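Single-structure report; data block below.
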Amino acid sequence: MINIKEDEHLNRLNHSCAHLLAQAVKHLYPDAKFWVGPVIEDGFYYDIDLGDKVITEEDIPLIEKEMKKIAKDGKRIIRKEISKSEALEMFKDDPYKLDLIDRMDEENTVISCYTQGDFTDLCRGPHVESVKELKHFKLTKFSGAYWKGDANNKMLQRIYGVCFDTEEDLNNYLQELEDAKARDHRKIGKDLEIFMSHDLVGKGMPLWLPNGAILRKELENYIYKKEQKLGYKHVYTPCVGTVDLYKTSGHWDHYKENMFPKMQVDDEEFVLRPMNCPHHMLVYGNTIHSYRDLPIRIGEFATDFRYEASGAVKGLERVRCMCQNDAHLFVRPDQIGEEFKKVVELILDMYKDFNIKNYSFRLSLRDKNDKEKYFDDDEMWDEAENKLRSVLNDLGLKYYEGVGEAAFYGPKLDVQIKPAVGPEVTLSTCQLDFLLPRRFDLSYIDSDGSKKIPVVIHRAIYGTFDRFTAFLLEETKGNLPLWLSPVQINIIPVNNEYHLEYCQNLMSELENYRVELDASEEKLSYKMRESSVRKIPVTVIIGQKEVDNNTISYRLLGSSDTITVTKAEFIKYIEDRIESKN
RNA sequence: GCCGAAUUAGUUCAAUGGUAGAACAAAGCCCUCGUAACGCUUAGAUGUAAGUUCGAUUCUUAUAUUCGGCACCA
């Protein structure tokens with residue numbers, strides 16, 4: 001899908017369209033005040049203060065109509081450069097523009113404004129020549145949006161739109177948006193019976209159905225084997241901990257809002273755990289460790305509970321009950337680089353096996369000014385961030401930096417992906433932590449006999465099974481590779497009376513795979529369709545020909561070719577595909 | 001949590017201030033069949049709780065959930 005912000009021409013067109021939107025809104029609501037109207041990846045928006053007025057469904061066509069009218073009028077868009085004092089005078093009745101001007105540096109900034117007919121907006125530009133170029137646009141959505149993105153501020157009205165050169169481009173783009181909805185994991189997850197939810201269980205608490213459970217088990221097996229080979233030790237620990245545990249870790253101070261409230265049991269106070277670090281710290285602390293034993297890698301498929309804001313919950317992608325493929329690596333300072341590298345390699349290895357290509361690395365740093373969120377120890381942060389940055393540079397990894405995206409205890413490397421619908425999310429994560437080992441008073445005995453504090457690397461390769469599954473369903477459009485498919489092979493007898501026995505025998509010969517036999521009293525064509533709708537990768541058809549020749553005919557999902565082979569050839573084919581993860 | 005919208009059968013959709021309609025799925029019958037939906041029959045629904053009304057699925061309010069954004073985040 002085209003990135004409008006990155007395309008110079010479309011960027012300009014959409015930026016001008018944002019002004020057109022503002023002008024139309026001003027015509028319809030003369031008291032409207034305007035904040036900013038930037039171009040974004042999928043078009044543009046404008047944040048508008050309409051007083052008590054709230055934009056509704058009915059307003060959108062009216063605004064579009066006014067926009068068309070202004071565009072038809074075809075006024076030129078005229079740029080004018082002004083001084084800061086002129087700007088302050090020109091926008092003296094507009095608190096939002098004054099706020100913008102106020103923050104401009106008089107010396108180094110050219111302040112410009114653009115006028116089209118009766119509408120002038122403070123703007124850096126550039127713009128198209130005339131509003132008459134703005135013919136093929138659509139207002140796509142609208143909502144409230146906090147002023148300056150701060151939930152403590154007033155909520156403005158945001159209107160989104162998109163503009164193209166031709167009607168065809170616009171329609172194609174809108175069609176792409178529609179198509180994206182078809183591969184939304186919430187739809188696929190329902191159609192393929194991967195997961196469900198129920199009001200009586202609660203919001204953000206998905207129930208994994210049998211098909212989903214098979215998929216998840218395969219994911220578990222895959223990463224478990226990888227981790228075993230890399231020397232991870234797996235544990236099971238409880239989903240609850242005492243409040244004191246989280247006071248010790250610091251989560252109580254820094255993360256309490258994201259936790260389910262504490263519960264009183266006899267004279268103890270418990271919380272559902274939002275992460276597993278504290279438990280794993282205690283596992284490490286259970287015995288004395290020599291410098292020779294490090295790194296120690298403790299892994300767990302651990303269920304966590306987070307009190308996510310009600311508006312944030314989304315399918316399997318953002319849930320209140322999740323399972324991480326978590327691990328904590330306890331390392332000596334001199335091992336940080338190497339261990340970190342191994343984690344990144346494991347991530348890349350896994351992405352290759354799952355054929356995942358659309359992701360980017362984000363180095364998530366703290367916001368120095370946010371003393372609320374982040375543990376306050378400048379020296380520790382600088383050390384951790386510098387260390388992490390140098391590891392990433394050594395690895396030659398391409399990444400961008402995200403300030404204010406770190407965990408409260410340390411910086412991290414996040415792998416970001418873009419779902420079918422909505423903003424990008426983190427999948428894999430790898431975090432560097434100098435804090436928790438100190439807070440839990442962890443140590444190892446160094447070569448000189450002195451007690452040293454280990455460094456902890458937190459990492460989750462899939463992130464959570466939940467979100468990873470959501471992503472996988474969207475990437476594959478539900479056409480899961482053979483090794484992950486809940487049902488791998490569907491056997492259909494042409495005639496139940498004559499061919500069923502052969503099918504049943506075949507089934508037991510294929511017992512190592514997930515096989516179904518469709519012995520229902522339906523027509524063959526109907527069963528073929530069913531097999532396809534259920535996205536079963538391999539459909540086997542057994543008729544008289546196959547029975548007579550002791551062969552197998554099969555058809556692959558998405559293909560209309562029928563292939564006839566011997567049983568041995570068929571098993572080899574299936575084996576190869578599972579082995580190669582196709 | 002905030003701004004908006006939605007909620008009708010297992011699923012996807014329709015309609016109405018006065019008996020809620022269809023398709024697919026289900027069950028029964030028919031068909032015994034060679035690669036994407038045979039036909040017939042039956043059963044099945046207005047999220048929850050109040051209010052207005054002679055009468056509410058429809059109007060109002062609350063609540064829950066879902067959806068689009070904002071904020072937050074694995």
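In the structure tokens, each chain is lettered A, B, ... as it comes, each chain's residues begin at 1, and ligands are numbered from 1 in order of appearance.
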Taking only C-alpha atoms (C1' of nucleotides) into account, find every residue of chain B that has an atom no more than 10 Å from chain A, and write it out as a ChimeraX atom specification.
/B:1-5,11,31-38,47,64-74
Could you tell me, as a PyMOL selection string, which residues of range 260-358 of chain A DSSP assigns to strand (DSSP E) when given the backbone?
chain A and resi 263-265+268-272+296-305+321-331
With C-alpha atoms retained, export the selected residues as a compact mmCIF listing (two decimals), in the first residue's frame.
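Saved file again-v3.txt follows:
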# COMPACT_ATOMS: atom_id res chain seq x y z
CA MET A 263 -6.82 -9.16 46.02
CA GLN A 264 -6.82 -10.00 49.67
CA VAL A 265 -6.52 -13.67 50.63
CA GLU A 268 -1.75 -11.85 52.11
CA GLU A 269 -2.22 -9.44 49.22
CA PHE A 270 -1.90 -10.87 45.72
CA VAL A 271 -1.86 -9.54 42.21
CA LEU A 272 -2.20 -11.28 38.87
CA ILE A 296 21.96 -18.58 32.80
CA ARG A 297 18.88 -18.52 30.61
CA ILE A 298 15.51 -19.08 32.24
CA GLY A 299 12.55 -19.49 29.93
CA GLU A 300 8.85 -19.92 30.40
CA PHE A 301 5.64 -19.90 28.40
CA ALA A 302 4.04 -17.67 30.92
CA THR A 303 0.52 -16.35 31.16
CA ASP A 304 0.28 -12.73 32.22
CA PHE A 305 -2.55 -10.36 32.96
CA CYS A 321 -4.67 -12.15 29.32
CA MET A 322 -1.70 -13.19 27.24
CA CYS A 323 1.02 -15.77 27.08
CA GLN A 324 4.59 -14.68 26.51
CA ASN A 325 7.38 -16.89 25.31
CA ASP A 326 9.47 -15.17 27.89
CA ALA A 327 13.02 -15.67 29.04
CA HIS A 328 15.49 -13.89 31.26
CA LEU A 329 19.19 -14.19 30.58
CA PHE A 330 21.45 -13.57 33.54
CA VAL A 331 24.80 -12.51 32.15
12 Å contact set for U60 in chain B, only C-alpha atoms (C1' of nucleotides), chain neighbours under 4 positions out, as a PyMOL selection string:
chain B and resi 50-53+56
Please report the interatomic distance between CA of Cys163 in chain A and CA of Tyr96 in chain A in Å with one decimal.
25.5 Å
Here is a test: counting only C-alpha atoms, which residue of A:Val456, A:Met380, A:Ala519, A:Ala180 is nearest to Gln431 in chain A?
A:Val456
Would you return as a ChimeraX atom specification the members of range 241-485 of chain A that DSSP assigns to alpha helix (DSSP H) on this structure's backbone?
/A:243-249,251-255,277-285,336-353,378-395,436-439,465-476
Can you write just those residues out, C-alpha atoms, as a short mmCIF file (atom, residue, chain, number, x, y, z; two decimals), in the first residue's frame?
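That gives us result21.cif:
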data_model
loop_
_atom_site.label_atom_id
_atom_site.label_comp_id
_atom_site.auth_asym_id
_atom_site.auth_seq_id
_atom_site.Cartn_x
_atom_site.Cartn_y
_atom_site.Cartn_z
CA VAL A 243 2.13 -7.18 46.24
CA ASP A 244 5.46 -7.20 48.06
CA LEU A 245 7.06 -9.07 45.18
CA TYR A 246 6.07 -6.25 42.84
CA LYS A 247 7.11 -3.62 45.34
CA THR A 248 10.53 -5.23 45.38
CA SER A 249 10.72 -5.27 41.58
CA HIS A 251 6.46 -2.68 39.17
CA TRP A 252 4.14 -1.56 41.95
CA ASP A 253 5.48 1.99 41.70
CA HIS A 254 5.88 2.16 37.95
CA TYR A 255 3.31 -0.20 36.51
CA CYS A 277 10.64 -11.02 35.60
CA PRO A 278 10.22 -11.05 39.39
CA HIS A 279 9.52 -14.77 39.46
CA HIS A 280 12.54 -15.50 37.31
CA MET A 281 14.72 -13.26 39.49
CA LEU A 282 13.78 -15.46 42.43
CA VAL A 283 14.50 -18.62 40.44
CA TYR A 284 17.99 -17.29 39.72
CA GLY A 285 18.46 -16.32 43.34
CA ILE A 336 26.03 -8.64 27.13
CA GLY A 337 27.08 -8.16 23.53
CA GLU A 338 27.34 -11.80 22.68
CA GLU A 339 24.10 -12.81 24.38
CA PHE A 340 22.22 -9.95 22.84
CA LYS A 341 23.54 -10.98 19.48
CA LYS A 342 22.31 -14.52 19.98
CA VAL A 343 18.85 -13.24 20.79
CA VAL A 344 18.75 -11.09 17.66
CA GLU A 345 19.94 -14.07 15.63
CA LEU A 346 17.21 -16.21 17.10
CA ILE A 347 14.64 -13.57 16.18
CA LEU A 348 15.93 -13.39 12.61
CA ASP A 349 16.07 -17.16 12.40
CA MET A 350 12.48 -17.46 13.51
CA TYR A 351 11.29 -14.77 11.08
CA LYS A 352 12.96 -16.63 8.28
CA ASP A 353 11.23 -19.89 9.21
CA ASP A 378 20.75 8.72 34.94
CA GLU A 379 24.03 6.86 35.18
CA MET A 380 22.36 3.47 34.91
CA TRP A 381 20.25 4.55 31.94
CA ASP A 382 23.19 6.05 30.08
CA GLU A 383 25.18 2.90 30.62
CA ALA A 384 22.37 0.63 29.44
CA GLU A 385 21.43 2.74 26.43
CA ASN A 386 25.01 3.18 25.28
CA LYS A 387 25.71 -0.49 25.70
CA LEU A 388 22.62 -1.45 23.72
CA ARG A 389 23.33 1.03 20.96
CA SER A 390 26.86 -0.20 20.53
CA VAL A 391 25.65 -3.82 20.40
CA LEU A 392 23.16 -2.92 17.68
CA ASN A 393 25.79 -1.03 15.72
CA ASP A 394 28.15 -3.98 16.04
CA LEU A 395 25.43 -6.22 14.66
CA LEU A 436 16.02 -5.66 38.63
CA PRO A 437 19.10 -7.73 39.58
CA ARG A 438 20.02 -5.01 42.04
CA ARG A 439 16.54 -4.76 43.45
CA PHE A 465 1.57 -16.21 21.37
CA ASP A 466 -1.58 -14.18 21.14
CA ARG A 467 -0.25 -11.26 19.16
CA PHE A 468 2.03 -13.45 17.09
CA THR A 469 -0.94 -15.58 16.08
CA ALA A 470 -2.88 -12.47 15.12
CA PHE A 471 0.04 -11.39 12.98
CA LEU A 472 0.50 -14.82 11.43
CA LEU A 473 -3.16 -15.03 10.43
CA GLU A 474 -2.94 -11.66 8.73
CA GLU A 475 0.35 -12.37 6.98
CA THR A 476 -0.92 -15.67 5.60
#
Selection near range 43-53 of chain A, 7 Å with only C-alpha atoms (C1' of nucleotides), sequence-local residues under 2 positions removed, as a PyMOL selection string:
chain A and resi 4+14-15+18+31-41+55+156-163
Residues from last step as file, N, CA and C atoms, as a PDB file, in the first residue's frame:
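Writing the result to out-v1.pdb gives the following:
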ATOM      1  N   ILE A   4       1.642   7.702   1.482  1.00  0.00           N
ATOM      2  CA  ILE A   4       1.377   9.034   0.926  1.00  0.00           C
ATOM      3  C   ILE A   4       2.341  10.070   1.480  1.00  0.00           C
ATOM      4  N   ASN A  14      -2.165  16.038  -0.561  1.00  0.00           N
ATOM      5  CA  ASN A  14      -2.948  15.762   0.635  1.00  0.00           C
ATOM      6  C   ASN A  14      -2.843  16.893   1.656  1.00  0.00           C
ATOM      7  N   HIS A  15      -1.686  17.511   1.678  1.00  0.00           N
ATOM      8  CA  HIS A  15      -1.530  18.636   2.585  1.00  0.00           C
ATOM      9  C   HIS A  15      -2.476  19.771   2.186  1.00  0.00           C
ATOM     10  N   ALA A  18      -5.939  19.025   3.160  1.00  0.00           N
ATOM     11  CA  ALA A  18      -6.205  19.291   4.576  1.00  0.00           C
ATOM     12  C   ALA A  18      -6.646  20.743   4.750  1.00  0.00           C
ATOM     13  N   ASP A  31     -17.105  29.427  13.905  1.00  0.00           N
ATOM     14  CA  ASP A  31     -16.366  29.546  15.163  1.00  0.00           C
ATOM     15  C   ASP A  31     -15.231  28.518  15.280  1.00  0.00           C
ATOM     16  N   ALA A  32     -15.096  27.669  14.267  1.00  0.00           N
ATOM     17  CA  ALA A  32     -14.081  26.613  14.344  1.00  0.00           C
ATOM     18  C   ALA A  32     -12.687  27.197  14.503  1.00  0.00           C
ATOM     19  N   LYS A  33     -11.900  26.563  15.376  1.00  0.00           N
ATOM     20  CA  LYS A  33     -10.496  26.941  15.538  1.00  0.00           C
ATOM     21  C   LYS A  33      -9.658  25.729  15.140  1.00  0.00           C
ATOM     22  N   PHE A  34      -8.503  26.011  14.540  1.00  0.00           N
ATOM     23  CA  PHE A  34      -7.737  24.912  13.956  1.00  0.00           C
ATOM     24  C   PHE A  34      -6.408  24.697  14.643  1.00  0.00           C
ATOM     25  N   TRP A  35      -6.123  23.439  14.914  1.00  0.00           N
ATOM     26  CA  TRP A  35      -4.821  23.066  15.469  1.00  0.00           C
ATOM     27  C   TRP A  35      -3.935  22.695  14.287  1.00  0.00           C
ATOM     28  N   VAL A  36      -3.607  21.457  14.063  1.00  0.00           N
ATOM     29  CA  VAL A  36      -2.705  21.124  12.962  1.00  0.00           C
ATOM     30  C   VAL A  36      -3.365  20.155  11.984  1.00  0.00           C
ATOM     31  N   GLY A  37      -2.876  20.182  10.758  1.00  0.00           N
ATOM     32  CA  GLY A  37      -3.434  19.314   9.717  1.00  0.00           C
ATOM     33  C   GLY A  37      -2.350  18.653   8.901  1.00  0.00           C
ATOM     34  N   PRO A  38      -1.687  17.672   9.460  1.00  0.00           N
ATOM     35  CA  PRO A  38      -0.545  17.061   8.788  1.00  0.00           C
ATOM     36  C   PRO A  38      -0.928  15.974   7.778  1.00  0.00           C
ATOM     37  N   VAL A  39       0.069  15.643   6.954  1.00  0.00           N
ATOM     38  CA  VAL A  39      -0.063  14.497   6.060  1.00  0.00           C
ATOM     39  C   VAL A  39       0.450  13.275   6.812  1.00  0.00           C
ATOM     40  N   ILE A  40      -0.245  12.173   6.673  1.00  0.00           N
ATOM     41  CA  ILE A  40       0.192  10.928   7.303  1.00  0.00           C
ATOM     42  C   ILE A  40       0.309   9.851   6.229  1.00  0.00           C
ATOM     43  N   GLU A  41       0.769   8.698   6.650  1.00  0.00           N
ATOM     44  CA  GLU A  41       0.988   7.587   5.722  1.00  0.00           C
ATOM     45  C   GLU A  41      -0.225   7.322   4.836  1.00  0.00           C
ATOM     46  N   ILE A  55     -18.488  16.216  15.634  1.00  0.00           N
ATOM     47  CA  ILE A  55     -18.708  15.753  14.267  1.00  0.00           C
ATOM     48  C   ILE A  55     -19.446  14.410  14.291  1.00  0.00           C
ATOM     49  N   LEU A 156     -10.090  17.467  20.803  1.00  0.00           N
ATOM     50  CA  LEU A 156     -10.500  18.167  19.588  1.00  0.00           C
ATOM     51  C   LEU A 156     -11.202  17.171  18.666  1.00  0.00           C
ATOM     52  N   GLN A 157     -11.767  17.697  17.577  1.00  0.00           N
ATOM     53  CA  GLN A 157     -12.388  16.832  16.573  1.00  0.00           C
ATOM     54  C   GLN A 157     -11.370  16.598  15.476  1.00  0.00           C
ATOM     55  N   ARG A 158     -11.096  15.353  15.178  1.00  0.00           N
ATOM     56  CA  ARG A 158     -10.162  15.042  14.103  1.00  0.00           C
ATOM     57  C   ARG A 158     -10.927  14.443  12.930  1.00  0.00           C
ATOM     58  N   ILE A 159     -10.669  14.975  11.747  1.00  0.00           N
ATOM     59  CA  ILE A 159     -11.274  14.417  10.532  1.00  0.00           C
ATOM     60  C   ILE A 159     -10.146  13.934   9.635  1.00  0.00           C
ATOM     61  N   TYR A 160     -10.255  12.688   9.190  1.00  0.00           N
ATOM     62  CA  TYR A 160      -9.250  12.105   8.299  1.00  0.00           C
ATOM     63  C   TYR A 160      -9.759  12.107   6.869  1.00  0.00           C
ATOM     64  N   GLY A 161      -8.838  12.231   5.937  1.00  0.00           N
ATOM     65  CA  GLY A 161      -9.219  12.133   4.531  1.00  0.00           C
ATOM     66  C   GLY A 161      -8.042  11.688   3.704  1.00  0.00           C
ATOM     67  N   VAL A 162      -8.303  11.491   2.424  1.00  0.00           N
ATOM     68  CA  VAL A 162      -7.229  11.099   1.523  1.00  0.00           C
ATOM     69  C   VAL A 162      -7.544  11.683   0.152  1.00  0.00           C
ATOM     70  N   CYS A 163      -6.484  12.072  -0.579  1.00  0.00           N
ATOM     71  CA  CYS A 163      -6.679  12.727  -1.867  1.00  0.00           C
ATOM     72  C   CYS A 163      -5.734  12.135  -2.909  1.00  0.00           C
TER      73      CYS A 163
END
Non-local contacts of Gln504 in chain A (12 Å; only C-alpha atoms (C1' of nucleotides); under 2 positions in same chain excluded) as a VMD selection string:
chain A and resid 490 to 493 496 498 to 502 506 to 511 515 to 519 542 547
Restricting it to C-alpha atoms, dump the selection as an mmCIF file, in the first residue's frame.
data_model
loop_
_atom_site.group_PDB
_atom_site.id
_atom_site.type_symbol
_atom_site.label_atom_id
_atom_site.label_comp_id
_atom_site.auth_asym_id
_atom_site.auth_seq_id
_atom_site.Cartn_x
_atom_site.Cartn_y
_atom_site.Cartn_z
ATOM 1 C CA ASN A 490 -8.556 -33.755 4.309
ATOM 2 C CA ILE A 491 -9.494 -37.105 2.782
ATOM 3 C CA ILE A 492 -12.622 -37.252 0.656
ATOM 4 C CA PRO A 493 -13.993 -40.545 -0.663
ATOM 5 C CA ASN A 496 -18.765 -43.755 0.773
ATOM 6 C CA TYR A 498 -16.983 -48.339 -2.147
ATOM 7 C CA HIS A 499 -14.073 -46.111 -1.127
ATOM 8 C CA LEU A 500 -14.495 -45.472 2.583
ATOM 9 C CA GLU A 501 -12.507 -48.470 3.757
ATOM 10 C CA TYR A 502 -9.493 -47.483 1.652
ATOM 11 C CA LEU A 506 -5.091 -44.434 4.564
ATOM 12 C CA MET A 507 -5.956 -42.426 7.640
ATOM 13 C CA SER A 508 -4.159 -44.830 9.924
ATOM 14 C CA GLU A 509 -1.158 -44.795 7.609
ATOM 15 C CA LEU A 510 -1.099 -41.011 7.951
ATOM 16 C CA GLU A 511 -1.490 -41.024 11.719
ATOM 17 C CA VAL A 515 -5.848 -35.768 9.020
ATOM 18 C CA GLU A 516 -9.608 -35.597 8.647
ATOM 19 C CA LEU A 517 -11.875 -37.902 6.727
ATOM 20 C CA ASP A 518 -14.975 -36.308 5.264
ATOM 21 C CA ALA A 519 -17.438 -39.190 5.138
ATOM 22 C CA ILE A 542 -10.079 -41.302 -3.238
ATOM 23 C CA VAL A 547 -8.432 -47.934 -4.915
#
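Shell of A27 in chain B at 12 Å, with only C-alpha atoms (C1' of nucleotides) counted and residues fewer than 5 places along the chain excluded, is B:U41, B:U42, B:A43, B:G44.
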Just to be explicit: take each residue in the selection above, keep C-alpha atoms (C1' of nucleotides), and write the result as a PDB file, in the first residue's frame.
ATOM      1  C1'   U B  41     -38.880 -30.125   4.781  1.00  0.00           C
ATOM      2  C1'   U B  42     -38.052 -28.644   9.909  1.00  0.00           C
ATOM      3  C1'   A B  43     -36.178 -26.014  13.919  1.00  0.00           C
ATOM      4  C1'   G B  44     -33.619 -21.525  15.390  1.00  0.00           C
TER       5        G B  44
END
